[in-house]
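Engineer: Contents are mmCIF, C-alpha atoms; file name final-v9.cif:
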data_my_file
#
loop_
_atom_site.label_atom_id
_atom_site.label_comp_id
_atom_site.auth_asym_id
_atom_site.auth_seq_id
_atom_site.Cartn_x
_atom_site.Cartn_y
_atom_site.Cartn_z
CA MET D 288 0.00 0.00 0.00
CA ASN D 289 1.29 3.41 -1.00
CA PRO D 290 -0.31 6.00 1.28
CA GLN D 291 0.34 8.75 -1.28
CA HIS D 292 -1.12 6.81 -4.22
CA GLY D 293 -2.59 9.26 -6.73
CA PHE D 294 -5.74 7.70 -8.12
CA SER D 295 -6.27 8.00 -11.87
CA ALA D 296 -9.50 9.07 -13.57
CA ALA D 297 -10.03 5.44 -14.60
CA GLU D 298 -9.68 4.28 -11.01
CA ALA D 299 -12.14 6.94 -9.88
CA GLU D 300 -14.59 5.85 -12.56
CA SER D 301 -14.34 2.25 -11.42
CA PHE D 302 -14.96 3.30 -7.81
CA TYR D 303 -18.03 5.32 -8.77
CA GLU D 304 -19.33 2.31 -10.74
CA LEU D 305 -18.84 0.28 -7.57
CA VAL D 306 -20.74 2.79 -5.44
CA ALA D 307 -23.56 2.92 -7.98
CA SER D 308 -23.94 -0.83 -8.37
CA ARG D 309 -23.77 -1.79 -4.67
CA ARG D 310 -27.11 -3.06 -3.42
CA ASP D 311 -28.77 -4.23 -0.22
CA CYS D 312 -29.27 -7.85 -1.30
CA ARG D 313 -32.00 -10.22 -0.16
CA HIS D 314 -31.87 -12.79 -2.97
CA PHE D 315 -28.86 -15.12 -2.80
CA LYS D 316 -27.72 -18.08 -4.88
CA ARG D 317 -28.43 -20.94 -2.52
CA GLY D 318 -25.53 -23.31 -1.90
CA ALA D 319 -22.95 -21.08 -3.58
CA PRO D 320 -20.01 -20.45 -1.23
CA VAL D 321 -17.80 -17.47 -0.46
CA GLU D 322 -14.12 -18.34 -0.77
CA ALA D 323 -12.13 -17.99 2.45
CA ALA D 324 -9.71 -15.58 0.76
CA GLN D 325 -12.60 -13.40 -0.43
CA LEU D 326 -14.10 -13.25 3.04
CA GLN D 327 -10.72 -12.33 4.48
CA ARG D 328 -10.29 -9.47 2.00
CA ILE D 329 -13.77 -8.17 2.79
CA LEU D 330 -13.08 -8.30 6.53
CA GLN D 331 -9.75 -6.51 6.07
CA ALA D 332 -11.57 -3.73 4.25
CA GLY D 333 -14.00 -3.41 7.15
CA TYR D 334 -11.10 -3.42 9.58
CA GLN D 335 -9.48 -0.49 7.78
CA SER D 336 -12.53 1.72 8.32
CA PRO D 337 -12.22 4.80 10.51
CA SER D 338 -13.63 5.07 14.01
CA VAL D 339 -13.90 8.07 16.28
CA GLY D 340 -10.89 8.16 18.60
CA LEU D 341 -9.77 4.82 17.09
CA MET D 342 -12.32 3.17 19.38
CA GLN D 343 -13.19 0.34 16.92
CA PRO D 344 -16.59 -0.17 18.56
CA TRP D 345 -17.69 -3.19 16.52
CA ARG D 346 -17.29 -6.94 16.71
CA LEU D 347 -18.36 -9.56 14.18
CA LEU D 348 -19.56 -13.05 15.03
CA ARG D 349 -19.35 -15.46 12.12
CA ILE D 350 -22.32 -17.79 12.37
CA ALA D 351 -21.05 -21.31 11.69
CA ASP D 352 -23.63 -23.36 13.61
CA ALA D 353 -26.63 -24.21 11.41
CA GLY D 354 -28.98 -24.41 14.37
CA LEU D 355 -27.94 -20.94 15.53
CA ARG D 356 -28.56 -19.58 12.06
CA GLU D 357 -32.05 -21.12 12.15
CA ALA D 358 -32.75 -19.57 15.52
CA LEU D 359 -31.63 -16.15 14.26
CA ALA D 360 -33.84 -16.55 11.20
CA ALA D 361 -36.78 -17.28 13.48
CA CYS D 362 -36.12 -14.03 15.38
CA VAL D 363 -36.19 -12.15 12.10
CA GLU D 364 -39.41 -13.82 11.01
CA ALA D 365 -41.09 -12.91 14.31
CA GLU D 366 -40.04 -9.30 13.90
CA ARG D 367 -41.20 -9.29 10.27
CA GLN D 368 -44.68 -10.16 11.52
CA ALA D 369 -44.46 -7.51 14.26
CA THR D 370 -43.36 -4.94 11.67
CA ALA D 371 -46.29 -5.86 9.42
CA ALA D 372 -48.67 -5.32 12.31
CA ALA D 373 -47.08 -1.95 13.09
CA LEU D 374 -47.43 -0.84 9.47
CA GLY D 375 -51.22 -0.98 9.58
CA PRO D 376 -52.65 -0.17 6.14
CA ARG D 377 -49.43 -1.19 4.33
CA SER D 378 -49.18 -4.51 6.15
CA ASP D 379 -50.12 -6.77 3.22
CA GLU D 380 -47.95 -4.86 0.81
CA PHE D 381 -45.04 -5.18 3.24
CA LEU D 382 -45.52 -8.92 3.68
CA HIS D 383 -45.12 -9.41 -0.07
CA LEU D 384 -41.64 -7.87 -0.03
CA LYS D 385 -38.63 -10.12 0.38
CA VAL D 386 -36.80 -8.51 3.27
CA GLU D 387 -33.95 -10.90 4.02
CA GLY D 388 -31.99 -13.87 2.73
CA ILE D 389 -30.57 -15.33 5.93
CA LYS D 390 -31.32 -18.93 5.08
CA ASP D 391 -29.98 -18.77 1.54
CA CYS D 392 -26.79 -16.73 1.80
CA ALA D 393 -23.33 -18.26 2.09
CA GLU D 394 -22.24 -16.41 5.22
CA VAL D 395 -24.00 -14.69 8.10
CA LEU D 396 -22.00 -12.27 10.24
CA ALA D 397 -23.66 -10.92 13.34
CA LEU D 398 -22.77 -7.27 13.77
CA VAL D 399 -22.34 -6.26 17.39
CA LEU D 400 -21.73 -2.95 19.11
CA ALA D 401 -19.10 -3.68 21.76
CA PRO D 402 -19.59 -2.51 25.35
CA ASP D 403 -18.53 1.12 25.62
CA ASP D 404 -14.82 1.35 26.44
CA GLY D 405 -15.07 4.92 27.69
CA THR D 406 -13.31 6.59 24.79
CA VAL D 407 -13.48 10.36 25.27
CA PHE D 408 -11.56 11.56 22.21
CA GLY D 409 -14.06 12.99 19.71
CA ARG D 410 -17.10 11.83 21.64
CA ARG D 411 -17.25 13.56 24.99
CA THR D 412 -20.53 15.15 23.90
CA LEU D 413 -21.71 12.55 21.34
CA ALA D 414 -20.82 9.21 22.89
CA ALA D 415 -23.54 6.94 21.52
CA GLU D 416 -23.77 8.73 18.20
CA MET D 417 -20.08 8.43 17.38
CA ALA D 418 -19.94 4.73 18.28
CA LEU D 419 -22.90 3.98 16.02
CA THR D 420 -21.79 6.09 13.07
CA SER D 421 -18.35 4.44 13.32
CA VAL D 422 -20.06 1.05 13.03
CA GLY D 423 -21.84 2.34 9.92
CA CYS D 424 -18.53 3.34 8.33
CA MET D 425 -17.22 -0.16 8.90
CA VAL D 426 -20.25 -1.83 7.34
CA GLN D 427 -20.09 0.39 4.28
CA ASN D 428 -16.51 -0.79 3.68
CA LEU D 429 -17.71 -4.40 3.96
CA TRP D 430 -20.56 -3.67 1.56
CA LEU D 431 -18.37 -2.14 -1.12
CA ALA D 432 -15.72 -4.82 -0.69
CA ALA D 433 -18.34 -7.54 -1.13
CA ARG D 434 -19.58 -5.86 -4.31
CA VAL D 435 -16.08 -5.52 -5.75
CA GLU D 436 -15.73 -9.26 -5.12
CA ASN D 437 -18.98 -9.60 -7.11
CA LEU D 438 -20.84 -10.77 -4.00
CA GLY D 439 -24.05 -9.48 -2.48
CA LEU D 440 -24.44 -8.22 1.07
CA GLY D 441 -27.70 -7.56 2.89
CA TRP D 442 -27.99 -5.87 6.28
CA VAL D 443 -30.89 -7.36 8.21
CA SER D 444 -32.00 -5.24 11.17
CA MET D 445 -35.44 -6.76 11.73
CA PHE D 446 -35.16 -8.46 15.09
CA GLU D 447 -35.61 -7.86 18.77
CA PRO D 448 -32.03 -7.05 19.85
CA ALA D 449 -32.43 -8.55 23.32
CA GLU D 450 -33.46 -11.90 21.80
CA VAL D 451 -30.56 -11.94 19.38
CA GLY D 452 -28.27 -10.87 22.21
CA THR D 453 -29.34 -13.87 24.24
CA LEU D 454 -28.75 -16.25 21.33
CA LEU D 455 -25.28 -14.81 20.77
CA ARG D 456 -24.50 -14.72 24.52
CA LEU D 457 -23.65 -11.03 24.39
CA PRO D 458 -22.39 -9.45 27.60
CA VAL D 459 -24.05 -6.49 29.29
CA GLY D 460 -23.50 -3.36 27.24
CA ALA D 461 -23.04 -5.13 23.90
CA GLN D 462 -25.84 -4.81 21.39
CA ALA D 463 -26.73 -6.69 18.22
CA LEU D 464 -27.12 -4.24 15.34
CA GLY D 465 -27.44 -6.46 12.33
CA LEU D 466 -27.19 -9.81 10.66
CA LEU D 467 -25.01 -9.31 7.61
CA CYS D 468 -25.80 -11.79 4.84
CA ILE D 469 -23.03 -12.27 2.29
CA GLY D 470 -22.87 -14.50 -0.72
CA PRO D 471 -23.11 -14.96 -4.48
CA VAL D 472 -26.27 -13.61 -6.09
CA ASP D 473 -27.88 -14.28 -9.46
CA GLU D 474 -28.13 -10.58 -10.14
CA PHE D 475 -27.78 -7.19 -8.53
CA TYR D 476 -30.98 -5.14 -8.48
CA PRO D 477 -30.76 -2.30 -11.02
CA ALA D 478 -31.97 0.10 -8.27
CA PRO D 479 -32.66 -0.25 -4.54
CA MET D 480 -35.26 -3.00 -4.17
CA LEU D 481 -37.59 -0.82 -2.10
CA THR D 482 -37.72 1.64 -5.00
CA LEU D 483 -38.18 -1.06 -7.65
CA GLU D 484 -41.03 -2.57 -5.65
CA GLY D 485 -42.76 0.79 -5.30
CA TRP D 486 -42.35 0.85 -1.54
CA ARG D 487 -40.66 4.22 -1.32
CA THR D 488 -39.32 6.91 -3.63
CA PRO D 489 -35.97 8.39 -2.61
CA ARG D 490 -35.65 12.07 -1.79
CA PRO D 491 -33.51 13.83 -4.42
CA LEU D 492 -30.04 14.99 -3.46
CA ASP D 493 -30.81 18.66 -3.98
CA GLN D 494 -33.43 18.39 -1.23
CA MET D 495 -30.78 17.07 1.17
CA MET D 496 -28.21 19.82 0.65
CA TYR D 497 -28.52 23.27 2.12
CA THR D 498 -26.22 26.27 2.35
CA ASP D 499 -25.13 27.52 5.78
CA TYR D 500 -28.45 27.17 7.60
CA TRP D 501 -31.33 24.76 7.81
CA PRO D 502 -34.14 26.30 5.73
CA GLU D 503 -37.15 27.82 7.40
CA GLY D 504 -40.48 26.04 7.38
CA PRO D 505 -41.20 22.32 7.23
CA GLU D 506 -39.22 20.12 4.88
CA ASN D 507 -40.92 18.68 1.83
CA THR D 508 -41.49 15.12 3.01
CA SER D 509 -42.36 12.09 0.91
CA HIS D 510 -42.56 9.56 3.68
CA GLY D 511 -43.26 5.95 2.77
CA ASN D 512 -42.63 3.96 5.96
CA MET C 250 -23.96 2.36 -14.78
CA ASN C 251 -24.26 -1.38 -15.39
CA PRO C 252 -25.83 -2.92 -12.28
CA GLN C 253 -24.40 -6.33 -13.20
CA HIS C 254 -20.85 -5.05 -13.76
CA GLY C 255 -18.40 -7.82 -12.93
CA PHE C 256 -15.42 -6.21 -11.26
CA SER C 257 -11.98 -7.41 -12.34
CA ALA C 258 -9.12 -8.38 -10.05
CA ALA C 259 -7.41 -5.13 -11.03
CA GLU C 260 -10.47 -3.10 -10.08
CA ALA C 261 -10.66 -4.92 -6.76
CA GLU C 262 -6.99 -4.24 -6.12
CA SER C 263 -7.50 -0.53 -6.81
CA PHE C 264 -10.46 -0.45 -4.42
CA TYR C 265 -8.47 -2.13 -1.66
CA GLU C 266 -5.67 0.40 -2.22
CA LEU C 267 -8.29 3.11 -1.81
CA VAL C 268 -9.58 1.63 1.44
CA ALA C 269 -6.06 1.26 2.79
CA SER C 270 -4.91 4.78 1.92
CA ARG C 271 -8.03 6.68 3.11
CA ARG C 272 -7.28 8.76 6.19
CA ASP C 273 -9.01 11.02 8.68
CA CYS C 274 -7.24 14.24 7.65
CA ARG C 275 -6.53 17.25 9.83
CA HIS C 276 -3.75 18.89 7.82
CA PHE C 277 -4.98 20.64 4.67
CA LYS C 278 -3.26 22.70 2.00
CA ARG C 279 -4.46 26.18 2.84
CA GLY C 280 -6.02 28.12 -0.03
CA ALA C 281 -6.20 25.12 -2.37
CA PRO C 282 -9.76 24.69 -3.69
CA VAL C 283 -11.99 21.71 -4.42
CA GLU C 284 -13.39 21.86 -7.95
CA ALA C 285 -17.17 22.09 -8.16
CA ALA C 286 -17.30 18.93 -10.31
CA GLN C 287 -15.22 17.02 -7.76
CA LEU C 288 -17.49 18.06 -4.92
CA GLN C 289 -20.53 17.04 -6.94
CA ARG C 290 -19.09 13.57 -7.61
CA ILE C 291 -18.27 13.13 -3.93
CA LEU C 292 -21.79 14.16 -2.92
CA GLN C 293 -23.31 11.81 -5.49
CA ALA C 294 -21.31 8.96 -3.98
CA GLY C 295 -22.68 9.83 -0.54
CA TYR C 296 -26.16 10.03 -1.95
CA GLN C 297 -25.89 6.51 -3.33
CA SER C 298 -25.23 5.05 0.11
CA PRO C 299 -27.76 2.68 1.63
CA SER C 300 -30.13 3.61 4.44
CA VAL C 301 -32.44 1.43 6.48
CA GLY C 302 -35.90 1.48 4.92
CA LEU C 303 -34.59 4.07 2.41
CA MET C 304 -35.02 6.66 5.16
CA GLN C 305 -32.05 8.83 4.06
CA PRO C 306 -31.70 10.31 7.55
CA TRP C 307 -28.93 12.79 6.79
CA ARG C 308 -28.68 16.34 5.50
CA LEU C 309 -25.56 18.31 4.61
CA LEU C 310 -25.13 22.04 5.05
CA ARG C 311 -22.34 23.50 2.96
CA ILE C 312 -20.73 26.27 4.96
CA ALA C 313 -20.22 29.20 2.60
CA ASP C 314 -20.26 32.07 5.09
CA ALA C 315 -16.78 32.80 6.47
CA GLY C 316 -18.15 34.15 9.74
CA LEU C 317 -20.20 31.01 10.27
CA ARG C 318 -17.12 28.88 9.68
CA GLU C 319 -15.25 30.95 12.28
CA ALA C 320 -18.07 30.49 14.78
CA LEU C 321 -18.08 26.73 14.20
CA ALA C 322 -14.31 26.64 14.64
CA ALA C 323 -14.73 28.44 17.96
CA CYS C 324 -17.19 25.76 19.12
CA VAL C 325 -14.64 23.09 18.25
CA GLU C 326 -11.88 24.91 20.10
CA ALA C 327 -14.04 25.21 23.21
CA GLU C 328 -14.78 21.49 23.11
CA ARG C 329 -11.12 20.70 22.53
CA GLN C 330 -10.34 22.43 25.82
CA ALA C 331 -13.22 20.62 27.55
CA THR C 332 -11.97 17.31 26.18
CA ALA C 333 -8.46 18.05 27.44
CA ALA C 334 -9.87 18.70 30.91
CA ALA C 335 -11.86 15.45 30.79
CA LEU C 336 -8.75 13.46 29.81
CA GLY C 337 -6.99 14.23 33.08
CA PRO C 338 -3.46 12.76 33.01
CA ARG C 339 -3.34 12.72 29.20
CA SER C 340 -4.48 16.32 28.88
CA ASP C 341 -1.16 17.82 27.79
CA GLU C 342 -0.44 15.01 25.39
CA PHE C 343 -3.89 15.50 23.87
CA LEU C 344 -3.41 19.25 23.47
CA HIS C 345 -0.32 18.62 21.35
CA LEU C 346 -2.30 16.61 18.79
CA LYS C 347 -3.75 18.39 15.78
CA VAL C 348 -7.38 17.33 15.92
CA GLU C 349 -9.03 19.33 13.15
CA GLY C 350 -8.39 21.48 10.10
CA ILE C 351 -11.60 23.51 9.89
CA LYS C 352 -9.92 26.82 9.21
CA ASP C 353 -7.56 25.48 6.54
CA CYS C 354 -9.67 23.08 4.46
CA ALA C 355 -11.35 24.06 1.20
CA GLU C 356 -14.87 22.99 2.15
CA VAL C 357 -16.76 22.40 5.38
CA LEU C 358 -19.95 20.39 5.26
CA ALA C 359 -22.03 20.22 8.42
CA LEU C 360 -23.44 16.73 8.83
CA VAL C 361 -26.91 16.69 10.33
CA LEU C 362 -29.23 13.93 11.44
CA ALA C 363 -32.67 14.92 10.14
CA PRO C 364 -35.68 14.87 12.46
CA ASP C 365 -37.03 11.34 12.65
CA ASP C 366 -39.58 10.73 9.89
CA GLY C 367 -41.13 7.74 11.62
CA THR C 368 -39.76 5.07 9.28
CA VAL C 369 -40.70 1.64 10.66
CA PHE C 370 -39.21 -0.64 8.00
CA GLY C 371 -36.08 -2.27 9.44
CA ARG C 372 -36.06 -0.14 12.59
CA ARG C 373 -39.16 -0.88 14.66
CA THR C 374 -36.86 -2.13 17.42
CA LEU C 375 -33.68 -0.16 16.60
CA ALA C 376 -34.89 3.29 15.60
CA ALA C 377 -32.02 5.51 16.73
CA GLU C 378 -29.36 2.92 15.98
CA MET C 379 -30.39 2.40 12.36
CA ALA C 380 -30.65 6.13 11.63
CA LEU C 381 -27.13 6.69 12.97
CA THR C 382 -25.50 3.70 11.31
CA SER C 383 -27.11 4.79 8.02
CA VAL C 384 -25.48 8.20 8.44
CA GLY C 385 -22.16 6.40 8.96
CA CYS C 386 -22.57 4.49 5.69
CA MET C 387 -23.13 7.76 3.86
CA VAL C 388 -20.04 9.41 5.34
CA GLN C 389 -17.86 6.43 4.45
CA ASN C 390 -18.90 6.81 0.81
CA LEU C 391 -17.96 10.50 0.98
CA TRP C 392 -14.65 9.62 2.57
CA LEU C 393 -13.65 7.07 -0.05
CA ALA C 394 -14.87 9.32 -2.87
CA ALA C 395 -12.78 12.20 -1.55
CA ARG C 396 -9.72 9.94 -1.42
CA VAL C 397 -10.26 8.64 -4.96
CA GLU C 398 -10.33 12.33 -6.01
CA ASN C 399 -6.99 12.62 -4.17
CA LEU C 400 -8.56 14.89 -1.54
CA GLY C 401 -8.52 14.59 2.22
CA LEU C 402 -11.57 14.43 4.45
CA GLY C 403 -11.67 14.84 8.22
CA TRP C 404 -14.70 14.20 10.41
CA VAL C 405 -14.69 16.63 13.33
CA SER C 406 -17.03 15.61 16.14
CA MET C 407 -15.59 17.76 18.93
CA PHE C 408 -18.33 20.24 19.69
CA GLU C 409 -21.37 20.75 21.85
CA PRO C 410 -24.17 19.70 19.48
CA ALA C 411 -26.70 22.14 20.93
CA GLU C 412 -24.36 25.07 20.24
CA VAL C 413 -23.68 23.96 16.69
CA GLY C 414 -27.41 23.34 16.23
CA THR C 415 -28.13 26.92 17.23
CA LEU C 416 -25.54 28.29 14.81
CA LEU C 417 -26.98 26.20 11.97
CA ARG C 418 -30.59 27.02 12.95
CA LEU C 419 -31.50 23.35 13.19
CA PRO C 420 -35.12 22.51 13.93
CA VAL C 421 -36.23 20.44 16.92
CA GLY C 422 -35.26 16.81 16.39
CA ALA C 423 -32.35 17.52 14.06
CA GLN C 424 -28.87 16.97 15.44
CA ALA C 425 -25.41 18.04 14.33
CA LEU C 426 -23.15 15.00 14.06
CA GLY C 427 -20.07 16.33 12.41
CA LEU C 428 -18.19 19.00 10.57
CA LEU C 429 -16.71 17.35 7.51
CA CYS C 430 -13.56 19.08 6.30
CA ILE C 431 -12.64 18.39 2.67
CA GLY C 432 -9.77 19.65 0.60
CA PRO C 433 -6.37 19.10 -0.95
CA VAL C 434 -3.67 17.90 1.42
CA ASP C 435 0.11 17.87 1.17
CA GLU C 436 0.21 14.22 2.09
CA PHE C 437 -1.90 11.39 3.41
CA TYR C 438 -0.70 9.99 6.73
CA PRO C 439 0.89 6.55 6.21
CA ALA C 440 -1.24 5.23 9.10
CA PRO C 441 -4.06 6.69 11.22
CA MET C 442 -2.67 9.82 12.84
CA LEU C 443 -3.65 8.70 16.35
CA THR C 444 -1.51 5.59 15.86
CA LEU C 445 1.42 7.51 14.37
CA GLU C 446 1.35 9.96 17.28
CA GLY C 447 1.33 7.16 19.83
CA TRP C 448 -2.11 8.06 21.13
CA ARG C 449 -3.64 4.65 20.71
CA THR C 450 -2.78 1.24 19.27
CA PRO C 451 -5.50 -0.43 17.25
CA ARG C 452 -6.94 -3.75 18.34
CA PRO C 453 -6.02 -6.48 15.83
CA LEU C 454 -8.74 -7.88 13.58
CA ASP C 455 -8.51 -11.38 15.02
CA GLN C 456 -9.54 -9.95 18.40
CA MET C 457 -12.68 -8.47 16.83
CA MET C 458 -13.93 -11.64 15.13
CA TYR C 459 -15.60 -14.46 16.99
CA THR C 460 -17.41 -17.62 15.93
CA ASP C 461 -21.08 -18.04 16.84
CA TYR C 462 -20.95 -16.68 20.39
CA TRP C 463 -19.34 -13.86 22.30
CA PRO C 464 -16.44 -15.43 24.21
CA GLU C 465 -16.65 -15.92 27.93
CA GLY C 466 -14.74 -13.68 30.29
CA PRO C 467 -13.65 -10.10 29.85
CA GLU C 468 -12.24 -8.96 26.52
CA ASN C 469 -8.59 -8.13 26.27
CA THR C 470 -8.75 -4.34 26.29
CA SER C 471 -6.04 -1.92 25.34
CA HIS C 472 -7.88 1.28 26.02
CA GLY C 473 -6.16 4.53 25.26
CA ASN C 474 -8.91 7.20 25.43
#
Let's see the structure in the file written out as structure tokens.
Structural biologist:
Amino acid sequence: MNPQHGFSAAEAESFYELVASRRDCRHFKRGAPVEAAQLQRILQAGYQSPSVGLMQPWRLLRIADAGLREALAACVEAERQATAAALGPRSDEFLHLKVEGIKDCAEVLALVLAPDDGTVFGRRTLAAEMALTSVGCMVQNLWLAARVENLGLGWVSMFEPAEVGTLLRLPVGAQALGLLCIGPVDEFYPAPMLTLEGWRTPRPLDQMMYTDYWPEGPENTSHGN
Amino acid sequence: MNPQHGFSAAEAESFYELVASRRDCRHFKRGAPVEAAQLQRILQAGYQSPSVGLMQPWRLLRIADAGLREALAACVEAERQATAAALGPRSDEFLHLKVEGIKDCAEVLALVLAPDDGTVFGRRTLAAEMALTSVGCMVQNLWLAARVENLGLGWVSMFEPAEVGTLLRLPVGAQALGLLCIGPVDEFYPAPMLTLEGWRTPRPLDQMMYTDYWPEGPENTSHGN
């Protein structure tokens, strides 16, 4: 690695293609494995993510036990039903969406927020926020690395964290934040699946950028659950 | 963009070089601008990040007013002193670190968590956590995009969020999470600056990966604030 590497226009173009073609995947090619070397490269990319104060607040549990994977999938299914109930009028529409691929994907990594280690640097006033955003940075590196390996990754966050915590034997202060599903896919969705399925239309970028101050009055919202 | 693009080994290698050479930058080349087209590409990369339930919980305020930038820098300086006081025995050591480059960088973008829009999909049980991790995913795309444009980015989170919120005229429910400094740099640190300066040694990857269950007993900690 050359820390001063000057990236070329072609390298930038390839990166932007990567960013644009990365998807939250729920459809996996059943039985197709991830090579150990691929998984290691993906994990190394996650490991090289930044964290506030170098706190590295995340841990990953690779789920190898088939029974444990089944039990986690059952947690997700229970929460899928609870989510449907909470969605009221859009319940049926929601239940027709495929929201996870835990049983079909090659690898499941449980994403865990580690117990707070008391890091002060950069988070005296924003302790929880900076731990969680640091976890997000790490996952985005995993996501892009999976895509550059031509693998799909889906972040499943539909579960009761206390139940998953019990299954994973998490200590006090640790919290399950996701079940990351990684594996070969038949295809990458041409756009985010929730957009393709008509669930929700994204807000355009120019409605997310302001100059200097937050604008007066309510934001133009296009909320879709 | 071809959603099915199969990335080559060379493209993967370039991406891993990008991941490895991205840094949290605090030293910027004063007076050197970011081209408008570069900034637009970086923002587009952030915009293409995932968010739970497509909630897109972030907003960015581009700081154009020089007086506003000065006022934000003053907030950071006040919090730097408060952090030093909170660090007790490491206070002097901390005060010798350069922790931000707000006054020198080409562009400052204030990162804001938008007021919660009530999205249920994927966050019925983890509402705050999924909004914040989604913000982290977005910033990581910005960070990598800046690096592929051969620009530095630094995430400054040393401030009292209520004070910054007042300066930016944020509405109730919105929260300032960072001041993102972007611009040309003279060099990229060969390793994270906090490691180079002896502030903190990172935990190795193999102590962040477990199989199936969290291990029994206390984790081996090497806390360094």
Engineer: Once you count only C-alpha atoms, which residues end up no further than 12 Å from (-1.2, 15.9, -1.5) in the file's frame, shown as a PyMOL selection string?
Structural biologist: (chain D and resi 290-294) or (chain C and resi 274+276-279+281+396+398-401+432-438)
Engineer: Identify which of the residues D:Glu322, D:Glu364, D:Glu387, D:Glu503 lies closest to D:Trp442, counting all atoms listed in the file when measuring atom-to-atom distances.
Structural biologist: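 The shortest atom-to-atom distance to D:Trp442 comes from D:Glu387.
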Engineer: For each of D:Leu440, D:Leu483, D:Leu400, D:Ala461, take the minimum atom-to-atom distance to D:Glu416, counting only C-alpha atoms, then give the residue where this is smallest.
Structural biologist: D:Leu400
Engineer: Could you check which of D:Phe408, D:Met495, D:Glu506, D:Trp501 is closest to C:Leu344, using all atoms listed in the file?
Structural biologist: D:Phe408
Engineer: Would you please work out which residue, of D:Val451, D:Met342, D:Val395, D:Met288, is nearest to C:Thr444 when using only C-alpha atoms?
Structural biologist: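 Selected residue with least distance to C:Thr444: D:Met342.
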Engineer: Would you list the residues near (-23.1, -24.0, 17.6) (no more than 10 Å away, in the coordinates of the file, using all atoms listed in the file) as a short mmCIF file (atom, residue, chain, number, x, y, z; two decimals) with C-alpha atoms, in the frame of the given file?
Structural biologist:
data_model
loop_
_atom_site.label_atom_id
_atom_site.label_comp_id
_atom_site.auth_asym_id
_atom_site.auth_seq_id
_atom_site.Cartn_x
_atom_site.Cartn_y
_atom_site.Cartn_z
CA ILE D 350 -22.32 -17.79 12.37
CA ALA D 351 -21.05 -21.31 11.69
CA ASP D 352 -23.63 -23.36 13.61
CA ALA D 353 -26.63 -24.21 11.41
CA GLY D 354 -28.98 -24.41 14.37
CA LEU D 355 -27.94 -20.94 15.53
CA ARG D 356 -28.56 -19.58 12.06
CA LEU D 455 -25.28 -14.81 20.77
CA THR C 460 -17.41 -17.62 15.93
CA ASP C 461 -21.08 -18.04 16.84
CA TYR C 462 -20.95 -16.68 20.39
#
